[in-house]
Amino acid sequence: MSLLKQLSRLPRGSIRPVYIPKRSLGSVSAIDSSIFRTLFGTEEIRKVFNDESYISRCIDAEAALARAQSTCGVIPSHIGSLVTTKVTSTPLDMERLRTETEIVGYPILPLVRQLSAMCGSEAGKYVHWGATTQDIMDLASILQMKRGLEIVERLVGEIIGVLRGLSVRYRDTPMAGRTHLQHALPVTFGYKCAVWLSGFQRHAARLKEMRERVLMVQFGGAAGSLASLGDGDDGIRVRKALAEELGLSDPPITWHVARDGVAEVTNYLALLGGSMGKLALDIIIMSSNELGEVSEPFVPHRGASSTMPQKRNPISSEVILAASKVLRSNAGLVLDGMVADFERASGPWHLEWVAVPESFVIAVGALEQTKFALGGLCVHSEAMLRNLHSTKGLIVAEAVMMGLAPAVGRQRAHDIVYEACRESIESGGSLEEALLGKTEVTEKMSVERVRQLCDPVNYLGASGRMVDDVLAVD
């Protein structure tokens, strides 16, 4: 169920009681906490990256390897299907796996012991044939990332749909454009939404482009050379068949110490986080009482304060902003993980075990929060118009300067308008009044022309056209 639907079911004037299982009280991270978990992730993405899923993907990798080797004639032809049947139908002893993993330092040797026993003496000896621990662990991670990216792609597409709707609806809704948190030039809210939209469109394109590059099969053996399958091309053939079994691309060479693919995925999530963080920060500032231009969807008690009954804090945007920072931090971890020594890293690889699952959970949680915030965003166009006019024409000083420049030159026009702006600020009057008090202006322009130039709604540039151009992108 979506966050919006969950929140909408909260009864007005009451808070739904929550049962916290004893087993969850030991959680130490917000993304696993029974209290915070729905803010920083979804059950859908957690199921992709939890322990059970990871071990299941390891088993999928082992079974697919056996099938690929049977297909290629490296092991007896009937072994692949036999191994697959046995390892996918027999339950694992997870407690034994946990205990032995703590001793070994990796889960694959303990896993292979159990899988081999499941398969019996004939097929069991072929489980993990020619593979090494990192082959299976990398394959499991890649399969998780593959599924995780499918979820990310769906959510990015849904957010694009929401932003397209906002861009169309508010294409011509004027508001103050701000630089350095001060009025700069007029824009439209549709233009702002289209700027957000353009970033997500590029993220959608990036995801499609990088799939083949990063979702690569991993099979290289002890040092990546596939020597365990002989000097011929058996290893290469098996790797290709394994890629086909798992729906992954087949790289020209083993990549177990070339971690750029994993880093690209995690940095992609950080890029997504950056776009979401920018959007969230805009919403937070625009939600302030002084601006009051937008507010997050109203749900009873959402954003409430324990001591200030009037508060309606932009909770989703705050969570998104925090998530974007975590994603950028994890991007740095996987970049560190790229610096691997020789043909088997002595540690940096472990950073991915933390950064990759956490990044996916955090990113998907932030995408859900973004979809919720935008999907029910309350847009106060009257406040936007009021704020646009609040500086009494100063926001279109450039328009006046450019209108006067053909008659007196750009620099002189700048000086005249600058002085008029100063007078407007000091007197509290409008820019139009200050301009009409200057002979150098009234000799060159009519009163009607000055009035036209001082109306912010008349100075929107190509905002509408650019909204249309963004909407034209598939």
# chains A, B, ... in the order shown; residues from 1 in each chain; ligands from 1
>>> closest_atom_pairs(of="stretch 208-308 of chain A", to="stretch 139-144 of chain A", cutoff="10 Å", atoms="only C-alpha atoms", output="tab-separated table")
residue	atom	partner	partner_atom	distance
A:Val214	CA	A:Ile142	CA	8.4
A:Leu215	CA	A:Ile142	CA	6.1
A:Met216	CA	A:Ile142	CA	7.4
A:Val217	CA	A:Leu139	CA	6.5
A:Gln218	CA	A:Leu139	CA	5.8
A:Phe219	CA	A:Leu139	CA	8.3
A:Ala243	CA	A:Leu139	CA	9.9
A:Leu246	CA	A:Leu143	CA	8.0
A:Gly247	CA	A:Leu143	CA	9.1
A:Leu248	CA	A:Leu143	CA	8.5
A:Gly261	CA	A:Ile142	CA	9.7
A:Val262	CA	A:Ile142	CA	8.3
>>> write_last_selection(atoms="all heavy atoms", output="PDB file, in the first residue's frame")
ATOM      1  N   VAL A 214      26.269  -2.230 -16.297  1.00  0.00           N
ATOM      2  CA  VAL A 214      26.507  -2.545 -14.886  1.00  0.00           C
ATOM      3  C   VAL A 214      25.954  -3.892 -14.448  1.00  0.00           C
ATOM      4  O   VAL A 214      26.449  -4.471 -13.475  1.00  0.00           O
ATOM      5  CB  VAL A 214      25.925  -1.434 -13.977  1.00  0.00           C
ATOM      6  CG1 VAL A 214      26.540  -0.089 -14.329  1.00  0.00           C
ATOM      7  CG2 VAL A 214      24.407  -1.361 -14.063  1.00  0.00           C
ATOM      8  N   LEU A 215      24.935  -4.413 -15.129  1.00  0.00           N
ATOM      9  CA  LEU A 215      24.345  -5.692 -14.722  1.00  0.00           C
ATOM     10  C   LEU A 215      25.042  -6.826 -15.455  1.00  0.00           C
ATOM     11  O   LEU A 215      24.507  -7.471 -16.352  1.00  0.00           O
ATOM     12  CB  LEU A 215      22.838  -5.679 -14.990  1.00  0.00           C
ATOM     13  CG  LEU A 215      22.040  -4.622 -14.225  1.00  0.00           C
ATOM     14  CD1 LEU A 215      20.565  -4.688 -14.591  1.00  0.00           C
ATOM     15  CD2 LEU A 215      22.230  -4.787 -12.713  1.00  0.00           C
ATOM     16  N   MET A 216      26.277  -7.080 -15.042  1.00  0.00           N
ATOM     17  CA  MET A 216      27.136  -8.069 -15.704  1.00  0.00           C
ATOM     18  C   MET A 216      27.257  -9.341 -14.871  1.00  0.00           C
ATOM     19  O   MET A 216      27.286  -9.294 -13.637  1.00  0.00           O
ATOM     20  CB  MET A 216      28.537  -7.481 -15.915  1.00  0.00           C
ATOM     21  CG  MET A 216      28.596  -6.241 -16.762  1.00  0.00           C
ATOM     22  SD  MET A 216      30.298  -5.659 -17.021  1.00  0.00           S
ATOM     23  CE  MET A 216      30.755  -5.152 -15.349  1.00  0.00           C
ATOM     24  N   VAL A 217      27.339 -10.466 -15.570  1.00  0.00           N
ATOM     25  CA  VAL A 217      27.557 -11.727 -14.900  1.00  0.00           C
ATOM     26  C   VAL A 217      28.968 -11.752 -14.308  1.00  0.00           C
ATOM     27  O   VAL A 217      29.877 -11.108 -14.834  1.00  0.00           O
ATOM     28  CB  VAL A 217      27.374 -12.905 -15.885  1.00  0.00           C
ATOM     29  CG1 VAL A 217      28.535 -13.008 -16.864  1.00  0.00           C
ATOM     30  CG2 VAL A 217      27.169 -14.216 -15.147  1.00  0.00           C
ATOM     31  N   GLN A 218      29.097 -12.465 -13.193  1.00  0.00           N
ATOM     32  CA  GLN A 218      30.423 -12.601 -12.560  1.00  0.00           C
ATOM     33  C   GLN A 218      30.770 -14.086 -12.445  1.00  0.00           C
ATOM     34  O   GLN A 218      30.071 -14.845 -11.776  1.00  0.00           O
ATOM     35  CB  GLN A 218      30.402 -11.957 -11.170  1.00  0.00           C
ATOM     36  CG  GLN A 218      31.705 -12.113 -10.389  1.00  0.00           C
ATOM     37  CD  GLN A 218      32.806 -11.204 -10.907  1.00  0.00           C
ATOM     38  OE1 GLN A 218      33.335 -11.432 -11.991  1.00  0.00           O
ATOM     39  NE2 GLN A 218      33.147 -10.185 -10.153  1.00  0.00           N
ATOM     40  N   PHE A 219      31.828 -14.503 -13.123  1.00  0.00           N
ATOM     41  CA  PHE A 219      32.338 -15.864 -13.004  1.00  0.00           C
ATOM     42  C   PHE A 219      33.778 -15.852 -13.478  1.00  0.00           C
ATOM     43  O   PHE A 219      34.039 -15.670 -14.668  1.00  0.00           O
ATOM     44  CB  PHE A 219      31.509 -16.856 -13.842  1.00  0.00           C
ATOM     45  CG  PHE A 219      31.991 -18.280 -13.740  1.00  0.00           C
ATOM     46  CD1 PHE A 219      32.091 -18.904 -12.508  1.00  0.00           C
ATOM     47  CD2 PHE A 219      32.340 -18.990 -14.880  1.00  0.00           C
ATOM     48  CE1 PHE A 219      32.545 -20.217 -12.415  1.00  0.00           C
ATOM     49  CE2 PHE A 219      32.794 -20.303 -14.803  1.00  0.00           C
ATOM     50  CZ  PHE A 219      32.888 -20.912 -13.558  1.00  0.00           C
ATOM     51  N   ALA A 243      25.355 -16.068 -17.991  1.00  0.00           N
ATOM     52  CA  ALA A 243      24.740 -14.756 -18.219  1.00  0.00           C
ATOM     53  C   ALA A 243      23.342 -14.920 -18.804  1.00  0.00           C
ATOM     54  O   ALA A 243      22.393 -14.231 -18.403  1.00  0.00           O
ATOM     55  CB  ALA A 243      25.612 -13.917 -19.151  1.00  0.00           C
ATOM     56  N   LEU A 246      20.771 -16.072 -16.193  1.00  0.00           N
ATOM     57  CA  LEU A 246      20.392 -15.079 -15.192  1.00  0.00           C
ATOM     58  C   LEU A 246      19.909 -13.761 -15.785  1.00  0.00           C
ATOM     59  O   LEU A 246      19.548 -12.842 -15.055  1.00  0.00           O
ATOM     60  CB  LEU A 246      21.581 -14.818 -14.257  1.00  0.00           C
ATOM     61  CG  LEU A 246      22.039 -16.027 -13.420  1.00  0.00           C
ATOM     62  CD1 LEU A 246      23.310 -15.695 -12.660  1.00  0.00           C
ATOM     63  CD2 LEU A 246      20.932 -16.468 -12.460  1.00  0.00           C
ATOM     64  N   GLY A 247      19.899 -13.661 -17.118  1.00  0.00           N
ATOM     65  CA  GLY A 247      19.450 -12.423 -17.745  1.00  0.00           C
ATOM     66  C   GLY A 247      20.392 -11.260 -17.525  1.00  0.00           C
ATOM     67  O   GLY A 247      19.960 -10.107 -17.380  1.00  0.00           O
ATOM     68  N   LEU A 248      21.692 -11.548 -17.525  1.00  0.00           N
ATOM     69  CA  LEU A 248      22.711 -10.520 -17.328  1.00  0.00           C
ATOM     70  C   LEU A 248      23.566 -10.400 -18.578  1.00  0.00           C
ATOM     71  O   LEU A 248      23.558 -11.282 -19.442  1.00  0.00           O
ATOM     72  CB  LEU A 248      23.598 -10.874 -16.118  1.00  0.00           C
ATOM     73  CG  LEU A 248      22.876 -11.063 -14.776  1.00  0.00           C
ATOM     74  CD1 LEU A 248      23.858 -11.545 -13.712  1.00  0.00           C
ATOM     75  CD2 LEU A 248      22.196  -9.772 -14.326  1.00  0.00           C
ATOM     76  N   GLY A 261      31.090  -0.713 -11.988  1.00  0.00           N
ATOM     77  CA  GLY A 261      29.672  -0.955 -12.222  1.00  0.00           C
ATOM     78  C   GLY A 261      28.858  -0.786 -10.953  1.00  0.00           C
ATOM     79  O   GLY A 261      27.814  -0.127 -10.948  1.00  0.00           O
ATOM     80  N   VAL A 262      29.326  -1.376  -9.865  1.00  0.00           N
ATOM     81  CA  VAL A 262      28.646  -1.233  -8.580  1.00  0.00           C
ATOM     82  C   VAL A 262      28.659   0.227  -8.150  1.00  0.00           C
ATOM     83  O   VAL A 262      27.658   0.761  -7.655  1.00  0.00           O
ATOM     84  CB  VAL A 262      29.307  -2.119  -7.509  1.00  0.00           C
ATOM     85  CG1 VAL A 262      28.640  -1.923  -6.151  1.00  0.00           C
ATOM     86  CG2 VAL A 262      29.257  -3.587  -7.916  1.00  0.00           C
TER      87      VAL A 262
END
>>> residues_around(residues="A:Thr42", least_positions_apart="5", cutoff="12 Å", atoms="only C-alpha atoms", output="PyMOL selection string")
chain A and resi 1-3+31-34+36-37+47-50+148+151-152+155+358+360-369
>>> write_last_selection(atoms="N, CA, C and O atoms", output="short mmCIF file (atom, residue, chain, number, x, y, z; two decimals), in the first residue's frame")
data_model
loop_
_atom_site.label_atom_id
_atom_site.label_comp_id
_atom_site.auth_asym_id
_atom_site.auth_seq_id
_atom_site.Cartn_x
_atom_site.Cartn_y
_atom_site.Cartn_z
N MET A 1 0.84 -1.19 0.00
CA MET A 1 0.00 0.00 0.00
C MET A 1 0.87 1.24 0.00
O MET A 1 1.86 1.31 0.73
N SER A 2 0.52 2.25 -0.78
CA SER A 2 1.33 3.45 -0.88
C SER A 2 1.26 4.24 0.41
O SER A 2 0.33 4.11 1.21
N LEU A 3 2.26 5.11 0.60
CA LEU A 3 2.31 5.96 1.78
C LEU A 3 1.07 6.83 1.87
O LEU A 3 0.48 7.00 2.93
N ILE A 31 16.40 2.64 9.00
CA ILE A 31 15.79 1.93 7.88
C ILE A 31 15.24 0.56 8.29
O ILE A 31 14.42 -0.01 7.58
N ASP A 32 15.67 0.03 9.45
CA ASP A 32 15.15 -1.25 9.93
C ASP A 32 14.25 -1.09 11.15
O ASP A 32 13.67 -2.05 11.63
N SER A 33 14.14 0.12 11.66
CA SER A 33 13.38 0.38 12.86
C SER A 33 11.89 0.19 12.64
O SER A 33 11.34 0.61 11.61
N SER A 34 11.21 -0.42 13.60
CA SER A 34 9.75 -0.53 13.52
C SER A 34 9.09 0.83 13.63
O SER A 34 7.96 1.02 13.20
N PHE A 36 10.64 3.94 12.57
CA PHE A 36 10.98 4.84 11.47
C PHE A 36 10.97 4.20 10.09
O PHE A 36 11.12 4.89 9.09
N ARG A 37 10.80 2.87 10.03
CA ARG A 37 11.06 2.16 8.78
C ARG A 37 10.20 2.65 7.61
O ARG A 37 10.65 2.68 6.47
N LYS A 47 12.39 -6.44 1.00
CA LYS A 47 12.31 -7.86 0.65
C LYS A 47 13.32 -8.23 -0.43
O LYS A 47 13.70 -9.40 -0.55
N VAL A 48 13.75 -7.25 -1.21
CA VAL A 48 14.77 -7.50 -2.23
C VAL A 48 16.15 -7.65 -1.61
O VAL A 48 16.99 -8.41 -2.09
N PHE A 49 16.38 -6.92 -0.51
CA PHE A 49 17.74 -6.86 0.05
C PHE A 49 17.87 -7.48 1.44
O PHE A 49 18.92 -7.35 2.06
N ASN A 50 16.84 -8.16 1.93
CA ASN A 50 17.00 -8.77 3.25
C ASN A 50 17.83 -10.04 3.18
O ASN A 50 18.21 -10.50 2.08
N GLY A 148 16.18 -4.32 -7.81
CA GLY A 148 16.05 -3.00 -7.19
C GLY A 148 15.90 -1.90 -8.21
O GLY A 148 15.10 -0.97 -8.03
N ILE A 151 12.39 -1.57 -9.53
CA ILE A 151 11.51 -0.81 -8.62
C ILE A 151 11.80 0.68 -8.74
O ILE A 151 10.87 1.50 -8.82
N VAL A 152 13.08 1.04 -8.79
CA VAL A 152 13.46 2.44 -8.94
C VAL A 152 12.90 2.99 -10.25
O VAL A 152 12.33 4.10 -10.29
N LEU A 155 9.17 3.75 -10.01
CA LEU A 155 8.87 4.93 -9.20
C LEU A 155 9.30 6.22 -9.91
O LEU A 155 8.59 7.23 -9.84
N GLU A 358 21.68 -0.43 1.67
CA GLU A 358 21.16 0.75 2.34
C GLU A 358 20.77 1.83 1.33
O GLU A 358 19.72 2.49 1.47
N PHE A 360 19.76 1.45 -1.77
CA PHE A 360 18.52 1.09 -2.46
C PHE A 360 17.31 1.32 -1.56
O PHE A 360 16.29 1.86 -2.00
N VAL A 361 17.40 0.91 -0.30
CA VAL A 361 16.27 1.09 0.62
C VAL A 361 15.99 2.58 0.82
O VAL A 361 14.84 3.03 0.73
N ILE A 362 17.05 3.35 1.05
CA ILE A 362 16.89 4.79 1.28
C ILE A 362 16.35 5.48 0.03
O ILE A 362 15.46 6.35 0.10
N ALA A 363 16.90 5.12 -1.14
CA ALA A 363 16.47 5.76 -2.39
C ALA A 363 15.01 5.47 -2.69
O ALA A 363 14.24 6.37 -3.06
N VAL A 364 14.60 4.22 -2.55
CA VAL A 364 13.21 3.86 -2.83
C VAL A 364 12.28 4.53 -1.82
O VAL A 364 11.19 5.02 -2.18
N GLY A 365 12.70 4.58 -0.56
CA GLY A 365 11.90 5.28 0.44
C GLY A 365 11.73 6.75 0.08
O GLY A 365 10.63 7.31 0.18
N ALA A 366 12.81 7.38 -0.36
CA ALA A 366 12.74 8.80 -0.75
C ALA A 366 11.88 8.99 -1.99
O ALA A 366 11.15 9.99 -2.10
N LEU A 367 11.95 8.05 -2.93
CA LEU A 367 11.10 8.14 -4.13
C LEU A 367 9.63 8.05 -3.75
O LEU A 367 8.79 8.79 -4.29
N GLU A 368 9.30 7.17 -2.82
CA GLU A 368 7.92 7.06 -2.36
C GLU A 368 7.47 8.35 -1.68
O GLU A 368 6.36 8.83 -1.88
N GLN A 369 8.35 8.93 -0.85
CA GLN A 369 8.02 10.18 -0.17
C GLN A 369 7.85 11.31 -1.20
O GLN A 369 6.96 12.17 -1.06
#
>>> closest_atom_pairs(of="stretch 119-196 of chain A", to="stretch 459-467 of chain A", cutoff="8 Å", atoms="only C-alpha atoms", output="tab-separated table")
residue	atom	partner	partner_atom	distance
A:Ser167	CA	A:Val467	CA	6.8
A:Val168	CA	A:Val467	CA	7.9
A:Arg171	CA	A:Gly464	CA	6.0
A:Asp172	CA	A:Gly464	CA	6.6
A:Pro174	CA	A:Leu460	CA	7.8
A:Leu185	CA	A:Tyr459	CA	7.8
A:Pro186	CA	A:Leu460	CA	5.7
A:Val187	CA	A:Leu460	CA	5.5
A:Thr188	CA	A:Ser463	CA	6.8
A:Gly190	CA	A:Val467	CA	6.9
A:Tyr191	CA	A:Val467	CA	5.6
A:Ala194	CA	A:Val467	CA	5.6
>>> residues_around(residues="A:Asp336", least_positions_apart="3", cutoff="9 Å", atoms="only C-alpha atoms", output="NGL selection string")
:A and (331-333 or 339-340 or 348-349 or 351)
>>> closest_residue(among="A:Ile108, A:Ala63, A:Leu92, A:Cys378", to="A:Gly124", atoms="only C-alpha atoms")
A:Ala63
>>> closest_residue(among="A:Ala176, A:Ile416, A:Leu207, A:Leu471", to="A:Met384", atoms="only C-alpha atoms")
A:Ala176
>>> residues_around(residues="stretch 75-78 of chain A", least_positions_apart="4", cutoff="10 Å", atoms="only C-alpha atoms", output="list in words")
Ala66, Arg67, Ala68, Gln69, Ser70, Thr71, Leu82, Val83, Ala123, Tyr126 and Trp129 of chain A
>>> write_last_selection(atoms="N, CA, C and O atoms", output="mmCIF file, in the first residue's frame")
data_model
loop_
_atom_site.group_PDB
_atom_site.id
_atom_site.type_symbol
_atom_site.label_atom_id
_atom_site.label_comp_id
_atom_site.auth_asym_id
_atom_site.auth_seq_id
_atom_site.Cartn_x
_atom_site.Cartn_y
_atom_site.Cartn_z
ATOM 1 N N ALA A 66 25.319 -24.427 -12.287
ATOM 2 C CA ALA A 66 25.256 -25.858 -12.588
ATOM 3 C C ALA A 66 24.537 -26.101 -13.920
ATOM 4 O O ALA A 66 24.972 -26.935 -14.734
ATOM 5 N N ARG A 67 23.460 -25.371 -14.163
ATOM 6 C CA ARG A 67 22.733 -25.538 -15.427
ATOM 7 C C ARG A 67 23.601 -25.098 -16.611
ATOM 8 O O ARG A 67 23.629 -25.767 -17.669
ATOM 9 N N ALA A 68 24.309 -23.987 -16.457
ATOM 10 C CA ALA A 68 25.169 -23.490 -17.537
ATOM 11 C C ALA A 68 26.273 -24.497 -17.845
ATOM 12 O O ALA A 68 26.593 -24.754 -19.015
ATOM 13 N N GLN A 69 26.859 -25.085 -16.791
ATOM 14 C CA GLN A 69 27.941 -26.044 -16.999
ATOM 15 C C GLN A 69 27.430 -27.338 -17.609
ATOM 16 O O GLN A 69 28.116 -27.971 -18.420
ATOM 17 N N SER A 70 26.194 -27.704 -17.255
ATOM 18 C CA SER A 70 25.601 -28.886 -17.898
ATOM 19 C C SER A 70 25.346 -28.611 -19.374
ATOM 20 O O SER A 70 25.623 -29.460 -20.240
ATOM 21 N N THR A 71 24.846 -27.448 -19.692
ATOM 22 C CA THR A 71 24.581 -27.067 -21.074
ATOM 23 C C THR A 71 25.857 -27.072 -21.904
ATOM 24 O O THR A 71 25.861 -27.494 -23.075
ATOM 25 N N LEU A 82 19.119 -31.383 -11.811
ATOM 26 C CA LEU A 82 19.049 -32.071 -10.524
ATOM 27 C C LEU A 82 19.437 -31.137 -9.388
ATOM 28 O O LEU A 82 18.751 -31.062 -8.363
ATOM 29 N N VAL A 83 20.542 -30.405 -9.572
ATOM 30 C CA VAL A 83 20.981 -29.445 -8.556
ATOM 31 C C VAL A 83 19.899 -28.388 -8.343
ATOM 32 O O VAL A 83 19.561 -28.039 -7.201
ATOM 33 N N ALA A 123 25.302 -35.502 -7.369
ATOM 34 C CA ALA A 123 25.243 -34.122 -7.852
ATOM 35 C C ALA A 123 25.954 -33.149 -6.934
ATOM 36 O O ALA A 123 26.451 -32.106 -7.385
ATOM 37 N N TYR A 126 29.335 -31.480 -7.690
ATOM 38 C CA TYR A 126 29.437 -30.506 -8.783
ATOM 39 C C TYR A 126 28.932 -29.107 -8.405
ATOM 40 O O TYR A 126 29.002 -28.183 -9.205
ATOM 41 N N TRP A 129 31.114 -25.676 -8.863
ATOM 42 C CA TRP A 129 32.202 -26.206 -9.686
ATOM 43 C C TRP A 129 32.971 -25.061 -10.366
ATOM 44 O O TRP A 129 32.427 -24.310 -11.167
#
>>> select_by_dssp(residues="stretch 252-319 of chain A", states="helix (DSSP H, G or I)", output="PyMOL selection string")
chain A and resi 260-286+315-319
>>> write_last_selection(atoms="N, CA and C atoms", output="mmCIF file, in the first residue's frame")
data_model
loop_
_atom_site.group_PDB
_atom_site.id
_atom_site.type_symbol
_atom_site.label_atom_id
_atom_site.label_comp_id
_atom_site.auth_asym_id
_atom_site.auth_seq_id
_atom_site.Cartn_x
_atom_site.Cartn_y
_atom_site.Cartn_z
ATOM 1 N N ASP A 260 33.643 -0.518 -10.897
ATOM 2 C CA ASP A 260 33.000 0.695 -11.399
ATOM 3 C C ASP A 260 31.511 0.510 -11.634
ATOM 4 N N GLY A 261 31.090 -0.713 -11.988
ATOM 5 C CA GLY A 261 29.672 -0.955 -12.222
ATOM 6 C C GLY A 261 28.858 -0.786 -10.953
ATOM 7 N N VAL A 262 29.326 -1.376 -9.865
ATOM 8 C CA VAL A 262 28.646 -1.233 -8.580
ATOM 9 C C VAL A 262 28.659 0.227 -8.150
ATOM 10 N N ALA A 263 29.794 0.876 -8.355
ATOM 11 C CA ALA A 263 29.904 2.292 -7.988
ATOM 12 C C ALA A 263 28.956 3.143 -8.822
ATOM 13 N N GLU A 264 28.803 2.806 -10.105
ATOM 14 C CA GLU A 264 27.906 3.587 -10.954
ATOM 15 C C GLU A 264 26.464 3.475 -10.480
ATOM 16 N N VAL A 265 26.033 2.279 -10.116
ATOM 17 C CA VAL A 265 24.667 2.099 -9.636
ATOM 18 C C VAL A 265 24.439 2.925 -8.369
ATOM 19 N N THR A 266 25.369 2.820 -7.425
ATOM 20 C CA THR A 266 25.198 3.527 -6.154
ATOM 21 C C THR A 266 25.297 5.032 -6.347
ATOM 22 N N ASN A 267 26.161 5.466 -7.245
ATOM 23 C CA ASN A 267 26.247 6.895 -7.529
ATOM 24 C C ASN A 267 25.023 7.373 -8.306
ATOM 25 N N TYR A 268 24.450 6.500 -9.109
ATOM 26 C CA TYR A 268 23.188 6.841 -9.773
ATOM 27 C C TYR A 268 22.103 7.118 -8.737
ATOM 28 N N LEU A 269 22.031 6.269 -7.715
ATOM 29 C CA LEU A 269 21.056 6.488 -6.650
ATOM 30 C C LEU A 269 21.337 7.801 -5.922
ATOM 31 N N ALA A 270 22.622 8.137 -5.787
ATOM 32 C CA ALA A 270 22.973 9.410 -5.158
ATOM 33 C C ALA A 270 22.547 10.590 -6.031
ATOM 34 N N LEU A 271 22.673 10.437 -7.352
ATOM 35 C CA LEU A 271 22.191 11.478 -8.262
ATOM 36 C C LEU A 271 20.682 11.663 -8.127
ATOM 37 N N LEU A 272 19.976 10.554 -8.065
ATOM 38 C CA LEU A 272 18.539 10.625 -7.824
ATOM 39 C C LEU A 272 18.254 11.372 -6.532
ATOM 40 N N GLY A 273 19.027 11.029 -5.497
ATOM 41 C CA GLY A 273 18.857 11.679 -4.206
ATOM 42 C C GLY A 273 19.113 13.170 -4.286
ATOM 43 N N GLY A 274 20.102 13.565 -5.102
ATOM 44 C CA GLY A 274 20.388 14.982 -5.267
ATOM 45 C C GLY A 274 19.211 15.728 -5.869
ATOM 46 N N SER A 275 18.596 15.140 -6.889
ATOM 47 C CA SER A 275 17.432 15.774 -7.512
ATOM 48 C C SER A 275 16.254 15.838 -6.546
ATOM 49 N N MET A 276 16.057 14.750 -5.796
ATOM 50 C CA MET A 276 14.967 14.749 -4.822
ATOM 51 C C MET A 276 15.242 15.745 -3.697
ATOM 52 N N GLY A 277 16.503 15.847 -3.286
ATOM 53 C CA GLY A 277 16.856 16.783 -2.228
ATOM 54 C C GLY A 277 16.622 18.219 -2.647
ATOM 55 N N LYS A 278 16.969 18.554 -3.906
ATOM 56 C CA LYS A 278 16.746 19.914 -4.402
ATOM 57 C C LYS A 278 15.249 20.234 -4.393
ATOM 58 N N LEU A 279 14.456 19.305 -4.894
ATOM 59 C CA LEU A 279 13.005 19.474 -4.936
ATOM 60 C C LEU A 279 12.451 19.647 -3.519
ATOM 61 N N ALA A 280 12.927 18.804 -2.596
ATOM 62 C CA ALA A 280 12.438 18.862 -1.219
ATOM 63 C C ALA A 280 12.801 20.184 -0.552
ATOM 64 N N LEU A 281 14.006 20.669 -0.802
ATOM 65 C CA LEU A 281 14.427 21.934 -0.202
ATOM 66 C C LEU A 281 13.563 23.084 -0.716
ATOM 67 N N ASP A 282 13.247 23.079 -2.008
ATOM 68 C CA ASP A 282 12.352 24.096 -2.556
ATOM 69 C C ASP A 282 10.995 24.056 -1.848
ATOM 70 N N ILE A 283 10.461 22.850 -1.674
ATOM 71 C CA ILE A 283 9.150 22.715 -1.032
ATOM 72 C C ILE A 283 9.201 23.193 0.413
ATOM 73 N N ILE A 284 10.272 22.842 1.119
ATOM 74 C CA ILE A 284 10.415 23.260 2.520
ATOM 75 C C ILE A 284 10.379 24.782 2.637
ATOM 76 N N ILE A 285 11.155 25.458 1.802
ATOM 77 C CA ILE A 285 11.218 26.924 1.882
ATOM 78 C C ILE A 285 9.903 27.546 1.422
ATOM 79 N N MET A 286 9.337 27.005 0.351
ATOM 80 C CA MET A 286 8.066 27.541 -0.145
ATOM 81 C C MET A 286 6.913 27.286 0.817
ATOM 82 N N ILE A 315 7.004 17.102 6.483
ATOM 83 C CA ILE A 315 7.714 15.900 6.919
ATOM 84 C C ILE A 315 8.346 15.133 5.764
ATOM 85 N N SER A 316 7.582 14.892 4.708
ATOM 86 C CA SER A 316 8.140 14.126 3.584
ATOM 87 C C SER A 316 9.381 14.803 3.029
ATOM 88 N N SER A 317 9.319 16.110 2.861
ATOM 89 C CA SER A 317 10.465 16.834 2.309
ATOM 90 C C SER A 317 11.662 16.757 3.240
ATOM 91 N N GLU A 318 11.413 16.786 4.544
ATOM 92 C CA GLU A 318 12.509 16.679 5.502
ATOM 93 C C GLU A 318 13.169 15.299 5.416
ATOM 94 N N VAL A 319 12.348 14.258 5.295
ATOM 95 C CA VAL A 319 12.880 12.898 5.171
ATOM 96 C C VAL A 319 13.666 12.760 3.867
#
>>> atom_distance(atom1="atom CA of A:Thr90", atom2="atom CA of A:Ala131")
22.0 Å
>>> closest_residue(among="A:Phe189, A:Tyr170, A:Tyr54, A:Phe200", to="A:Asp474", atoms="only C-alpha atoms")
A:Phe200
>>> atom_distance(atom1="atom CA of A:Arg412", atom2="atom CA of A:Glu440")
10.3 Å
